[in-house]
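Structure first, then comments.
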Amino acid sequence: MSTEQPVFTIKNLNFYYGQKRALSNINMEILPQKVTALIGPSGCGKSTYLRCLNRMNDTIDGTRVEGEILLHGENIYAPDADVVNLRQRVGMVFQKPNPFPQSVYDNVAFGPRVLGLAEDKSDLEETIEMSLRQAALWDDVKDRLKDDAMSLSLGQQQRLCIARVVAVQPEVILMDESTSALDPIATGKIEDLIAELKKDYTIVIVTHNMQQAARVSDSTGFFWLGDLIEFAPTNEIFTTPKEELTETYITGRMG
């Protein structure tokens, strides 16, 4: 048993789209400065679960949450919870790169400007450089900061989106299949980046690529039809899974 205090503690989480239950009684602890991977077939609840962690599902009409999600012991679904603050602390990188149709500089500056995190222009520029360095993008764009972000390659755009998240000093970074639109070389760069980022951040990824989960994560949760079938250290999940359903899925006999 780990002695580390979890960043997230999820207790008896149920999630509904209208009458349809999409997640059933999920219990999980997400530890600091680790990569947690969520695997399972399409439509099994992985992305829904990920979006519960920063309340992105709130934007969908008719959704309902039961149970608790505690961030450092505080229930993020409490009536007085500050959702804006939550989404600063728990950032999200989406499946397809979604840079704003602005310059590279303005993309990264957006969050610090809105949240008042930079005291002056030099402070902002320092934040932008540091964020782009953390996203392994600085060397690519340092002479192109005024260029349109849309002129970057897809892989660079995705790293820019990571820089944009990092710029607001989150604690947790959620990645929803963030390499599925990328070629193998760009995917490799993002995977290398995840290994670097976990020194400073807690990371939760949804991936369809089981080899990716095996490569980059410390713990893996296997979802099936809204249930969390098994959650364990990644090497255990992939070598000695306890549940027959997990083994069947991982060996490719189903799913």
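Lettering and numbering for the structure tokens are positional, with chains as A, B, ... in the shown order, residues counted from 1 in each chain, and ligands counted from 1 in the shown order.
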
Which residues, written as a ChimeraX atom specification, have at least one atom at most 6 Å from segment 2-13 of chain A, with only C-alpha atoms counted and residues fewer than 5 positions away on the same chain left out?
/A:25-32,66-72

DSSP helix (DSSP H, G or I) residues within segment 26-183 of chain A, listed as number ranges by chain
A: 46-52, 56-59, 83-89, 104-115, 121-134, 138-141, 149-151, 154-166

Would you mind telling me which residue in A:Ser180, A:Leu117, A:Asp106, A:Arg133 lies nearest to Leu145 of chain A when using only C-alpha atoms?
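The shortest atom-to-atom distance to Leu145 of chain A comes from A:Asp106.
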
Which residues, written as a PyMOL selection string, have at least one atom at most 12 Å from Met130 of chain A, with only C-alpha atoms counted and residues fewer than 2 positions away on the same chain left out?
chain A and resi 108-109+123-128+132-139+142+163-164+166-169

Which residue gives the smallest distance to Leu23 of chain A among A:Gln158, A:Thr179, A:Ser47, A:Thr36, with only C-alpha atoms counted?
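So, comparing all the options, the nearest one is A:Ser47.
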
Name the closest residue to Leu160 of chain A among the candidates A:Val93, A:Ile250, A:Leu86, A:Cys44; distances are taken between atoms, counting only C-alpha atoms.
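Smallest separation from Leu160 of chain A among the options: A:Val93.
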